[in-house]
file structure.txt (compact mmCIF, C-alpha atoms)
# COMPACT_ATOMS: atom_id res chain seq x y z
CA MET A 394 121.22 30.21 83.30
CA LYS A 395 118.01 28.90 81.72
CA LYS A 396 120.12 27.34 78.94
CA ILE A 397 122.38 25.67 81.50
CA TYR A 398 119.43 24.17 83.36
CA SER A 399 117.97 22.88 80.11
CA LEU A 400 121.21 21.18 79.07
CA LEU A 401 121.66 19.70 82.54
CA THR A 402 118.16 18.28 82.37
CA VAL A 403 118.97 16.65 79.03
CA ALA A 404 122.19 15.28 80.50
CA PHE A 405 120.35 13.76 83.45
CA LEU A 406 117.77 12.22 81.15
CA LEU A 407 120.48 10.67 79.00
CA ALA A 408 122.18 9.40 82.09
CA SER A 409 118.93 7.96 83.39
CA CYS A 410 118.18 6.23 80.10
CA GLY A 411 121.59 4.57 80.21
CA GLY A 412 122.44 5.32 76.53
CA GLY A 413 121.74 1.71 75.39
CA SER A 414 123.85 -0.90 77.22
CA LYS A 415 124.64 1.39 80.15
CA LYS A 416 122.66 0.97 83.31
CA SER A 417 120.24 3.71 84.24
CA THR A 418 120.53 5.72 87.42
CA ASP A 419 117.48 4.02 88.85
CA ASP A 420 118.97 0.57 88.11
CA VAL A 421 122.26 1.42 89.79
CA ILE A 422 120.47 2.74 92.86
CA ALA A 423 118.23 -0.35 92.95
CA GLU A 424 121.26 -2.65 93.09
CA GLY A 425 122.39 -0.97 96.28
CA ASP A 426 126.10 -1.12 95.35
CA LEU A 427 127.77 1.98 96.86
CA THR A 428 130.79 1.75 94.58
CA ALA A 429 128.59 1.58 91.48
CA ILE A 430 126.50 4.54 92.67
CA LYS A 431 129.64 6.67 93.16
CA GLU A 432 130.95 5.71 89.72
CA LYS A 433 127.61 6.67 88.18
CA ARG A 434 127.70 10.05 89.93
CA SER A 435 131.24 10.75 88.66
CA GLU A 436 130.07 9.89 85.15
CA ILE A 437 127.18 12.39 85.33
CA VAL A 438 129.43 15.16 86.81
CA ALA A 439 131.81 14.70 83.87
CA GLN A 440 128.91 15.10 81.45
CA TYR A 441 127.74 18.24 83.32
CA ASP A 442 131.20 19.87 83.15
CA GLU A 443 131.48 19.12 79.43
CA LEU A 444 128.04 20.63 78.69
CA ALA A 445 128.73 23.74 80.84
CA SER A 446 131.99 24.34 78.96
CA GLU A 447 130.23 24.08 75.62
CA LEU A 448 127.51 26.48 76.85
CA ARG A 449 130.08 29.10 77.83
CA THR A 450 131.68 28.83 74.42
CA LEU A 451 128.31 29.30 72.70
CA ASP A 452 127.39 32.31 74.89
CA ALA A 453 130.71 34.01 74.07
CA ALA A 454 130.10 33.53 70.35
CA ILE A 455 126.53 34.88 70.64
CA SER A 456 127.75 37.93 72.55
CA LYS A 457 130.20 38.80 69.76
CA LEU A 458 127.71 38.32 66.93
CA ASP A 459 124.46 39.65 68.52
CA THR A 460 125.06 43.39 69.17
CA THR A 461 121.53 43.91 70.49
CA SER A 462 121.46 41.19 73.13
CA LYS A 463 122.30 43.63 75.98
CA VAL A 464 120.81 46.85 74.61
CA SER A 465 118.43 48.70 76.94
CA LEU A 466 115.45 50.52 75.46
CA VAL A 467 115.37 54.18 76.55
CA THR A 468 114.02 57.57 75.60
CA ALA A 469 116.18 60.67 75.49
CA LEU A 470 116.00 64.45 75.35
CA THR A 471 118.31 66.91 73.65
CA THR A 472 119.30 69.80 75.90
CA LYS A 473 118.90 73.32 74.60
CA ASP A 474 119.31 76.84 75.90
CA SER A 475 116.03 78.06 77.38
CA LEU A 476 114.69 81.19 79.05
CA PHE A 477 114.31 80.30 82.72
CA HIS A 478 112.41 82.26 85.37
CA HIS A 479 112.58 81.20 88.99
CA TYR A 480 109.87 82.34 91.40
CA VAL A 481 109.66 82.56 95.17
CA GLU A 482 106.10 81.73 96.23
CA LEU A 483 104.69 83.44 99.33
CA GLN A 484 101.32 84.18 100.88
CA GLY A 485 99.91 87.66 101.32
CA SER A 486 96.70 89.59 101.78
CA VAL A 487 95.28 92.62 100.02
CA ALA A 488 95.34 95.99 101.75
CA THR A 489 94.62 99.58 100.80
CA LYS A 490 95.81 102.79 102.40
CA GLN A 491 92.57 104.45 101.33
CA ASN A 492 90.23 102.51 103.59
CA ILE A 493 89.19 104.72 106.48
CA VAL A 494 86.34 105.49 108.86
CA ILE A 495 85.41 109.18 108.94
CA ASN A 496 84.73 110.35 112.51
CA ALA A 497 82.72 113.33 113.73
CA GLU A 498 84.85 116.42 114.42
CA TYR A 499 82.09 118.53 115.94
CA PRO A 500 79.44 117.68 118.56
CA GLY A 501 75.81 118.00 117.55
CA THR A 502 72.92 116.37 115.75
CA LEU A 503 73.64 114.54 112.48
CA LEU A 504 71.20 116.51 110.34
CA ASP A 505 71.74 115.00 106.88
CA VAL A 506 73.47 111.96 105.40
CA LEU A 507 73.79 112.86 101.72
CA VAL A 508 75.14 109.54 100.37
CA LYS A 509 74.17 105.88 100.25
CA GLU A 510 76.19 102.70 100.74
CA GLY A 511 77.86 101.64 97.50
CA GLN A 512 77.78 105.16 96.07
CA ALA A 513 80.89 106.46 94.31
CA VAL A 514 82.06 109.84 95.60
CA ARG A 515 84.79 112.28 94.63
CA LYS A 516 87.39 113.94 96.81
CA GLY A 517 85.97 116.94 98.70
CA GLN A 518 82.32 115.94 98.21
CA VAL A 519 80.06 116.67 101.21
CA LEU A 520 78.84 113.37 102.66
CA ALA A 521 76.90 114.56 105.71
CA ARG A 522 76.09 117.67 107.80
CA ILE A 523 76.06 118.18 111.57
CA ASP A 524 74.01 120.88 113.30
CA ASP A 525 76.35 123.84 113.78
CA GLY A 526 74.62 125.13 116.93
CA GLY A 527 74.50 128.74 115.65
CA LEU A 528 78.07 128.92 114.31
CA ALA A 529 76.88 130.16 110.91
CA ALA A 530 75.09 133.14 112.49
CA GLN A 531 78.14 133.94 114.60
CA LEU A 532 80.31 133.77 111.51
CA ALA A 533 78.05 136.18 109.63
CA GLN A 534 78.30 138.65 112.48
CA LEU A 535 82.06 138.33 112.66
CA GLU A 536 82.37 138.86 108.92
CA VAL A 537 80.46 142.18 109.24
CA GLN A 538 82.83 143.25 112.01
CA ALA A 539 85.77 142.17 109.88
CA GLU A 540 84.60 144.32 106.97
CA LEU A 541 84.32 147.36 109.27
CA ALA A 542 87.73 146.66 110.78
CA ALA A 543 89.23 146.35 107.29
CA THR A 544 87.71 149.66 106.17
CA THR A 545 88.90 151.44 109.31
CA TYR A 546 92.38 150.01 108.90
CA GLU A 547 92.66 151.07 105.25
CA ARG A 548 91.58 154.65 106.06
CA GLN A 549 93.88 154.92 109.05
CA LYS A 550 96.73 153.53 106.94
CA ARG A 551 96.26 156.20 104.25
CA LEU A 552 96.16 158.97 106.88
CA TRP A 553 99.29 157.62 108.54
CA GLU A 554 101.10 157.56 105.20
CA GLN A 555 100.17 161.27 104.82
CA GLN A 556 101.50 161.95 108.31
CA ILE A 557 97.97 162.66 109.55
CA GLY A 558 96.84 161.28 112.88
CA SER A 559 98.84 159.44 115.52
CA GLU A 560 100.79 156.21 115.17
CA ILE A 561 98.82 154.66 118.00
CA GLN A 562 95.57 155.11 116.08
CA TYR A 563 97.10 153.37 113.07
CA LEU A 564 98.40 150.47 115.17
CA GLN A 565 95.07 150.05 116.97
CA ALA A 566 93.21 149.87 113.65
CA LYS A 567 95.71 147.35 112.30
CA THR A 568 95.47 145.16 115.41
CA GLN A 569 91.67 145.25 115.36
CA TYR A 570 91.63 144.27 111.69
CA GLU A 571 94.05 141.34 112.12
CA SER A 572 92.26 140.11 115.24
CA THR A 573 88.87 140.16 113.54
CA LYS A 574 90.30 138.45 110.45
CA ASN A 575 91.79 135.65 112.57
CA ALA A 576 88.48 135.24 114.42
CA VAL A 577 86.67 134.83 111.10
CA ALA A 578 89.19 132.24 109.93
CA GLN A 579 88.86 130.32 113.19
CA MET A 580 85.07 130.39 113.00
CA LYS A 581 85.16 129.15 109.40
CA SER A 582 87.43 126.31 110.49
CA GLN A 583 84.97 125.32 113.23
CA LEU A 584 82.03 125.57 110.86
CA ALA A 585 83.82 123.38 108.29
CA LYS A 586 83.92 120.58 110.85
CA THR A 587 80.12 120.41 110.73
CA ARG A 588 80.39 119.27 107.10
CA VAL A 589 81.65 115.71 106.60
CA VAL A 590 83.61 115.59 103.33
CA ALA A 591 85.33 112.78 101.40
CA PRO A 592 89.12 112.89 101.95
CA PHE A 593 89.66 111.02 98.66
CA SER A 594 87.67 109.62 95.76
CA GLY A 595 86.20 106.21 96.44
CA THR A 596 83.08 104.25 97.38
CA ILE A 597 80.88 104.56 100.47
CA ASP A 598 81.27 101.15 102.06
CA GLU A 599 79.16 101.67 105.19
CA ILE A 600 76.94 104.27 106.84
CA ILE A 601 77.80 103.71 110.49
CA THR A 602 75.68 106.40 112.24
CA ASP A 603 72.09 107.08 111.21
CA GLU A 604 70.72 110.47 110.30
CA GLY A 605 69.25 112.29 113.32
CA SER A 606 71.65 110.79 115.85
CA VAL A 607 73.42 113.01 118.36
CA VAL A 608 77.17 112.65 117.91
CA ASN A 609 80.27 113.72 119.77
CA VAL A 610 83.81 114.28 118.57
CA GLY A 611 85.37 110.95 117.53
CA VAL A 612 82.11 109.10 116.86
CA PRO A 613 82.46 107.00 113.64
CA LEU A 614 80.10 108.15 110.89
CA ILE A 615 80.98 106.69 107.47
CA ARG A 616 83.49 104.23 106.02
CA ILE A 617 84.93 105.11 102.62
CA VAL A 618 87.13 102.79 100.53
CA ASN A 619 89.11 103.29 97.34
CA LEU A 620 89.66 99.96 95.54
CA SER A 621 91.71 101.41 92.69
CA ASN A 622 94.96 101.77 94.63
CA MET A 623 95.42 98.50 96.49
CA TYR A 624 98.49 96.42 97.26
CA ILE A 625 99.59 93.13 98.78
CA GLU A 626 101.91 93.18 101.76
CA THR A 627 103.97 90.07 102.48
CA GLU A 628 107.12 89.13 104.38
CA VAL A 629 110.14 87.80 102.48
CA PRO A 630 113.00 85.77 104.07
CA GLU A 631 116.16 87.85 104.34
CA ARG A 632 118.16 85.53 102.04
CA TYR A 633 116.28 87.07 99.10
CA LEU A 634 117.29 90.63 100.03
CA SER A 635 119.79 90.94 97.15
CA SER A 636 117.48 89.47 94.49
CA ILE A 637 114.14 91.16 95.26
CA LYS A 638 114.03 94.91 94.67
CA GLU A 639 111.62 97.59 93.57
CA SER A 640 110.20 96.87 90.08
CA THR A 641 110.90 93.12 90.38
CA ASN A 642 108.30 91.21 88.35
CA VAL A 643 105.55 89.45 90.33
CA LYS A 644 102.69 87.09 89.52
CA VAL A 645 99.64 87.26 91.78
CA ILE A 646 96.96 84.55 91.99
CA PHE A 647 93.74 84.80 94.02
CA PRO A 648 92.57 81.19 94.63
CA VAL A 649 88.96 82.19 95.36
CA LEU A 650 88.76 84.06 92.04
CA GLY A 651 90.07 81.19 89.90
CA ASP A 652 93.42 80.61 88.22
CA GLU A 653 93.76 84.02 86.57
CA VAL A 654 97.30 85.39 86.93
CA ILE A 655 97.84 89.13 87.43
CA GLU A 656 101.20 90.46 86.24
CA THR A 657 102.51 93.27 88.44
CA LYS A 658 105.68 94.54 90.16
CA VAL A 659 107.14 95.16 93.60
CA ARG A 660 106.47 98.82 94.41
CA GLN A 661 108.18 99.11 97.79
CA VAL A 662 110.83 97.19 99.76
CA SER A 663 111.22 97.74 103.48
CA ASN A 664 114.60 98.86 104.83
CA TYR A 665 114.02 96.99 108.10
CA ILE A 666 114.77 93.34 108.90
CA ASN A 667 112.41 91.85 111.47
CA PRO A 668 114.72 90.28 114.10
CA THR A 669 112.01 87.83 115.19
CA ASN A 670 111.62 85.94 111.89
CA ARG A 671 114.54 87.40 109.87
CA SER A 672 112.33 88.76 107.11
CA PHE A 673 111.57 92.08 105.40
CA LYS A 674 108.28 93.43 104.07
CA ILE A 675 107.43 94.27 100.50
CA GLU A 676 104.42 95.87 98.85
CA VAL A 677 103.13 94.61 95.51
CA ALA A 678 100.80 96.83 93.52
CA VAL A 679 97.48 95.17 92.58
CA PRO A 680 95.44 96.55 89.67
CA ASN A 681 91.71 96.05 90.18
CA HIS A 682 90.24 96.45 86.71
CA LYS A 683 87.29 94.10 87.31
CA GLY A 684 86.51 95.36 90.80
CA LEU A 685 86.57 91.85 92.30
CA ILE A 686 89.60 92.32 94.54
CA LYS A 687 88.74 93.39 98.08
CA PRO A 688 90.81 94.34 101.15
CA ASN A 689 92.01 91.34 103.23
CA LEU A 690 91.60 88.93 100.27
CA THR A 691 94.21 86.13 100.45
CA ALA A 692 96.65 85.85 97.55
CA LYS A 693 99.56 83.70 96.33
CA VAL A 694 102.51 85.89 95.40
CA GLN A 695 105.16 84.53 93.01
CA ILE A 696 108.21 86.81 92.92
CA ASN A 697 110.72 86.47 90.07
CA ASP A 698 114.00 86.37 92.04
CA TYR A 699 116.17 84.82 89.29
CA THR A 700 116.22 84.79 85.48
CA SER A 701 118.59 83.11 83.02
CA GLU A 702 118.25 83.63 79.28
CA ARG A 703 120.35 80.56 78.37
CA ALA A 704 119.60 77.88 80.94
CA ILE A 705 119.90 74.09 80.52
CA LEU A 706 116.80 72.51 82.06
CA ILE A 707 116.22 68.79 82.70
CA PRO A 708 113.58 66.83 84.67
CA GLN A 709 114.50 66.22 88.30
CA SER A 710 113.40 62.58 87.96
CA ILE A 711 116.38 61.59 85.78
CA ILE A 712 119.03 62.83 88.24
CA SER A 713 120.80 60.25 90.43
CA GLU A 714 123.33 60.63 93.24
CA ASN A 715 126.46 58.57 93.94
CA ALA A 716 128.05 57.60 97.26
CA GLU A 717 130.09 60.82 97.32
CA GLY A 718 126.93 62.90 97.08
CA GLU A 719 127.57 63.94 93.49
CA GLN A 720 124.62 64.29 91.14
CA TYR A 721 124.82 62.66 87.73
CA VAL A 722 122.86 61.78 84.61
CA TYR A 723 123.58 59.52 81.64
CA LYS A 724 124.19 61.08 78.26
CA VAL A 725 124.95 59.27 75.02
CA GLY A 726 127.64 59.72 72.41
CA GLU A 727 127.26 59.22 68.68
CA ILE A 728 123.89 57.71 67.75
CA LYS A 729 124.17 55.09 64.99
CA GLY A 730 121.70 54.45 62.20
CA ASP A 731 119.85 51.82 64.24
CA SER A 732 119.42 54.41 67.09
CA VAL A 733 121.96 52.54 69.23
CA ALA A 734 124.48 54.51 71.29
CA THR A 735 126.72 54.13 74.33
CA ALA A 736 125.70 55.63 77.69
CA HIS A 737 128.23 57.60 79.72
CA LYS A 738 127.86 59.05 83.18
CA ALA A 739 128.02 62.86 83.43
CA ILE A 740 128.60 64.52 86.82
CA ILE A 741 126.49 67.71 87.04
CA LYS A 742 125.87 70.65 89.32
CA THR A 743 122.37 72.01 89.63
CA GLY A 744 120.97 75.44 90.41
CA LYS A 745 117.41 76.68 90.86
CA THR A 746 114.41 74.37 90.65
CA GLN A 747 111.01 75.32 89.24
CA GLY A 748 108.23 72.75 89.19
CA ASP A 749 109.50 69.43 87.76
CA TYR A 750 112.58 70.94 86.15
CA VAL A 751 115.98 71.92 87.49
CA GLU A 752 118.66 74.15 86.01
CA VAL A 753 122.02 72.49 85.25
CA ILE A 754 124.86 74.97 85.72
CA GLU A 755 127.76 72.54 85.12
CA GLY A 756 128.18 69.19 83.36
CA LEU A 757 125.86 69.59 80.35
CA ALA A 758 125.99 71.75 77.26
CA ASN A 759 123.55 72.85 74.61
CA GLY A 760 122.82 69.89 72.27
CA ASP A 761 123.77 67.06 74.64
CA VAL A 762 121.51 63.98 74.41
CA VAL A 763 120.48 62.85 77.91
CA ILE A 764 118.73 59.57 78.74
CA GLN A 765 115.29 60.19 80.20
CA GLU A 766 113.03 57.14 80.61
CA GLY A 767 115.13 54.11 81.53
CA ALA A 768 117.95 56.16 83.08
CA ARG A 769 117.75 54.20 86.34
CA ARG A 770 118.49 50.87 84.56
CA VAL A 771 121.53 52.10 82.62
CA GLN A 772 125.16 51.51 83.56
CA GLU A 773 128.37 53.20 82.43
CA GLY A 774 129.40 52.11 78.93
CA GLN A 775 126.19 50.19 78.27
CA LYS A 776 124.63 50.08 74.82
CA VAL A 777 121.20 51.67 74.62
CA LYS A 778 118.59 51.88 71.90
CA ILE A 779 116.85 55.25 71.77
CA LEU A 780 113.17 54.90 71.06
CA ASP A 781 112.34 58.60 71.21
CA ASN A 782 114.54 61.71 71.29
CA LYS A 783 112.62 64.86 72.24

call {"tool": "encode", "arguments": {"input": "structure.txt", "output": "structure tokens"}}
result
Amino acid sequence: MKKIYSLLTVAFLLASCGGGSKKSTDDVIAEGDLTAIKEKRSEIVAQYDELASELRTLDAAISKLDTTSKVSLVTALTTKDSLFHHYVELQGSVATKQNIVINAEYPGTLLDVLVKEGQAVRKGQVLARIDDGGLAAQLAQLEVQAELAATTYERQKRLWEQQIGSEIQYLQAKTQYESTKNAVAQMKSQLAKTRVVAPFSGTIDEIITDEGSVVNVGVPLIRIVNLSNMYIETEVPERYLSSIKESTNVKVIFPVLGDEVIETKVRQVSNYINPTNRSFKIEVAVPNHKGLIKPNLTAKVQINDYTSERAILIPQSIISENAEGEQYVYKVGEIKGDSVATAHKAIIKTGKTQGDYVEVIEGLANGDVVIQEGARRVQEGQKVKILDNK
């Protein structure tokens, strides 16, 4: 079009100059003769048509000879089979089943607290003692009675086996022995409640009741936590029920602790679907080697719900969609020595998306060259010059 306007300008200038003996446009207009003005206009139109015809002829010749006049500059990528992991990202919080408050099981005065906050303890270790109110003395007396009852029973048993004495004497001795033995066991059980012991190995997180306080049954005394066996509980939408199972790989990120990724697995999958939000619960084991992970800490959980060992991945930005809703990209055929090729539309079907890339499940094969930068400007059958092929 710029060439046409330039030629028309030249034509009008020639017409205005009059070409020698011919009158110029300004002269004809100055004379005020309508017939002469119309004749002059017809003359200029004829010149315009002649120049436009010549311009079209020149453009056709240029198009045949100049193969790069309509070539678009693009970059491309060569598709290849890749290992592809897709992750479902959810939110969760850290929990531990070994995080409990130990309550008093016997009423009395809290005589001794034998541990400090932050102290590591082992399972069965005595943490505190409560005044037994004389239970130990009663137990000692019962144990003496139990020894006598046991001796009497053994003697009476031997006599009865020798057919000496009556059966009733034997049965009375046996009953007395068993009754005293049960009383001793019951007293020992009561006395054991005056000693507060660790139910599992862990760390004393808090001393709740001070030494010397009078406590009743159920009064909280000490909190103990084990940070070596923690997990993250989160709810997963039910559509992932078939793809998330026990031992599924998981990545865990704690934002407040930085970008470190912890590799772990799903250790338990619930068998119950919550009807309120159509989800099921999972537990993800969390190793705590550095001791920085605490109960109730918020975490991002990335669950590997899909893996393909030979996936074709392309950037989402190069995918277009036609009026029928079909997705397509442009790929090129044979690339010539001057890096020029022809672009052809390829209808594709996509699968999972991860980040900026999407998996192509139909329409592309390993080794196809797909236009990347410049894909939006390309049309079917257009020549393109590939500047970079990744």

call {"tool": "residues_around", "arguments": {"input": "structure.txt", "residues": "segment 747-759 of chain A", "least_positions_apart": "4", "cutoff": "9 Å", "atoms": "all atoms listed in the file", "output": "NGL selection string"}}
result
:A and (471-474 or 477-480 or 704-710 or 721 or 724 or 739-743 or 763)

call {"tool": "closest_residue", "arguments": {"input": "structure.txt", "among": "A:Pro688, A:Pro648, A:Gly611, A:Pro668", "to": "Met623 of chain A", "atoms": "only C-alpha atoms"}}
result
A:Pro688

call {"tool": "atom_distance", "arguments": {"input": "structure.txt", "atom1": "atom CA of Arg522 of chain A", "atom2": "atom CA of Lys574 of chain A"}}
result
25.3 Å

call {"tool": "atom_distance", "arguments": {"input": "structure.txt", "atom1": "atom CA of Phe593 of chain A", "atom2": "atom CA of Gln512 of chain A"}}
result
13.5 Å

call {"tool": "atom_distance", "arguments": {"input": "structure.txt", "atom1": "atom CA of Ala469 of chain A", "atom2": "atom CA of Gly726 of chain A"}}
result
11.9 Å

call {"tool": "closest_residue", "arguments": {"input": "structure.txt", "among": "A:Ile675, A:Arg551, A:Ile615, A:Ser606", "to": "Glu631 of chain A", "atoms": "only C-alpha atoms"}}
result
A:Ile675

call {"tool": "closest_residue", "arguments": {"input": "structure.txt", "among": "A:Ala533, A:Val677, A:Val777, A:Ala716", "to": "Val577 of chain A", "atoms": "all atoms listed in the file"}}
result
A:Ala533

call {"tool": "residues_around", "arguments": {"input": "structure.txt", "residues": "Thr573 of chain A", "least_positions_apart": "2", "cutoff": "12 Å", "atoms": "all atoms listed in the file", "output": "ChimeraX atom specification"}}
result
/A:532,534-543,546,566-571,575-580

call {"tool": "write_last_selection", "arguments": {"input": "structure.txt", "atoms": "C-alpha atoms", "output": "mmCIF file, in the frame of the given file"}}
result
data_model
loop_
_atom_site.group_PDB
_atom_site.id
_atom_site.type_symbol
_atom_site.label_atom_id
_atom_site.label_comp_id
_atom_site.auth_asym_id
_atom_site.auth_seq_id
_atom_site.Cartn_x
_atom_site.Cartn_y
_atom_site.Cartn_z
ATOM 1 C CA LEU A 532 80.310 133.770 111.510
ATOM 2 C CA GLN A 534 78.300 138.650 112.480
ATOM 3 C CA LEU A 535 82.060 138.330 112.660
ATOM 4 C CA GLU A 536 82.370 138.860 108.920
ATOM 5 C CA VAL A 537 80.460 142.180 109.240
ATOM 6 C CA GLN A 538 82.830 143.250 112.010
ATOM 7 C CA ALA A 539 85.770 142.170 109.880
ATOM 8 C CA GLU A 540 84.600 144.320 106.970
ATOM 9 C CA LEU A 541 84.320 147.360 109.270
ATOM 10 C CA ALA A 542 87.730 146.660 110.780
ATOM 11 C CA ALA A 543 89.230 146.350 107.290
ATOM 12 C CA TYR A 546 92.380 150.010 108.900
ATOM 13 C CA ALA A 566 93.210 149.870 113.650
ATOM 14 C CA LYS A 567 95.710 147.350 112.300
ATOM 15 C CA THR A 568 95.470 145.160 115.410
ATOM 16 C CA GLN A 569 91.670 145.250 115.360
ATOM 17 C CA TYR A 570 91.630 144.270 111.690
ATOM 18 C CA GLU A 571 94.050 141.340 112.120
ATOM 19 C CA ASN A 575 91.790 135.650 112.570
ATOM 20 C CA ALA A 576 88.480 135.240 114.420
ATOM 21 C CA VAL A 577 86.670 134.830 111.100
ATOM 22 C CA ALA A 578 89.190 132.240 109.930
ATOM 23 C CA GLN A 579 88.860 130.320 113.190
ATOM 24 C CA MET A 580 85.070 130.390 113.000
#

call {"tool": "build_atoms", "arguments": {"input": "structure.txt", "residues": "segment 471-486 of chain A", "atoms": "N, CA and C atoms", "output": "PDB file, keeping the file's coordinate frame"}}
result
ATOM      1  N   THR A 471     117.165  66.103  74.071  1.00  0.00           N
ATOM      2  CA  THR A 471     118.310  66.910  73.650  1.00  0.00           C
ATOM      3  C   THR A 471     118.250  68.243  74.378  1.00  0.00           C
ATOM      4  N   THR A 472     119.284  68.552  75.129  1.00  0.00           N
ATOM      5  CA  THR A 472     119.300  69.800  75.900  1.00  0.00           C
ATOM      6  C   THR A 472     119.424  70.993  74.964  1.00  0.00           C
ATOM      7  N   LYS A 473     118.812  72.090  75.374  1.00  0.00           N
ATOM      8  CA  LYS A 473     118.900  73.320  74.600  1.00  0.00           C
ATOM      9  C   LYS A 473     118.799  74.521  75.530  1.00  0.00           C
ATOM     10  N   ASP A 474     119.383  75.622  75.107  1.00  0.00           N
ATOM     11  CA  ASP A 474     119.310  76.840  75.900  1.00  0.00           C
ATOM     12  C   ASP A 474     117.872  77.328  75.972  1.00  0.00           C
ATOM     13  N   SER A 475     117.410  77.632  77.187  1.00  0.00           N
ATOM     14  CA  SER A 475     116.030  78.060  77.380  1.00  0.00           C
ATOM     15  C   SER A 475     115.991  79.274  78.299  1.00  0.00           C
ATOM     16  N   LEU A 476     114.933  80.081  78.124  1.00  0.00           N
ATOM     17  CA  LEU A 476     114.690  81.190  79.050  1.00  0.00           C
ATOM     18  C   LEU A 476     114.084  80.615  80.321  1.00  0.00           C
ATOM     19  N   PHE A 477     114.720  80.905  81.447  1.00  0.00           N
ATOM     20  CA  PHE A 477     114.310  80.300  82.720  1.00  0.00           C
ATOM     21  C   PHE A 477     114.022  81.384  83.744  1.00  0.00           C
ATOM     22  N   HIS A 478     112.795  81.361  84.281  1.00  0.00           N
ATOM     23  CA  HIS A 478     112.410  82.260  85.370  1.00  0.00           C
ATOM     24  C   HIS A 478     112.181  81.433  86.623  1.00  0.00           C
ATOM     25  N   HIS A 479     112.809  81.850  87.712  1.00  0.00           N
ATOM     26  CA  HIS A 479     112.580  81.200  88.990  1.00  0.00           C
ATOM     27  C   HIS A 479     111.753  82.129  89.871  1.00  0.00           C
ATOM     28  N   TYR A 480     110.769  81.543  90.572  1.00  0.00           N
ATOM     29  CA  TYR A 480     109.870  82.340  91.400  1.00  0.00           C
ATOM     30  C   TYR A 480     109.883  81.871  92.842  1.00  0.00           C
ATOM     31  N   VAL A 481     109.849  82.833  93.751  1.00  0.00           N
ATOM     32  CA  VAL A 481     109.660  82.560  95.170  1.00  0.00           C
ATOM     33  C   VAL A 481     108.163  82.714  95.461  1.00  0.00           C
ATOM     34  N   GLU A 482     107.546  81.663  95.980  1.00  0.00           N
ATOM     35  CA  GLU A 482     106.100  81.730  96.230  1.00  0.00           C
ATOM     36  C   GLU A 482     105.833  82.001  97.708  1.00  0.00           C
ATOM     37  N   LEU A 483     105.037  83.037  97.966  1.00  0.00           N
ATOM     38  CA  LEU A 483     104.690  83.440  99.330  1.00  0.00           C
ATOM     39  C   LEU A 483     103.188  83.689  99.417  1.00  0.00           C
ATOM     40  N   GLN A 484     102.721  83.857 100.637  1.00  0.00           N
ATOM     41  CA  GLN A 484     101.320  84.180 100.880  1.00  0.00           C
ATOM     42  C   GLN A 484     101.222  85.641 101.318  1.00  0.00           C
ATOM     43  N   GLY A 485     100.130  86.277 100.915  1.00  0.00           N
ATOM     44  CA  GLY A 485      99.910  87.660 101.320  1.00  0.00           C
ATOM     45  C   GLY A 485      98.431  87.972 101.341  1.00  0.00           C
ATOM     46  N   SER A 486      98.103  89.163 101.777  1.00  0.00           N
ATOM     47  CA  SER A 486      96.700  89.590 101.780  1.00  0.00           C
ATOM     48  C   SER A 486      96.627  91.015 101.245  1.00  0.00           C
TER      49      SER A 486
END
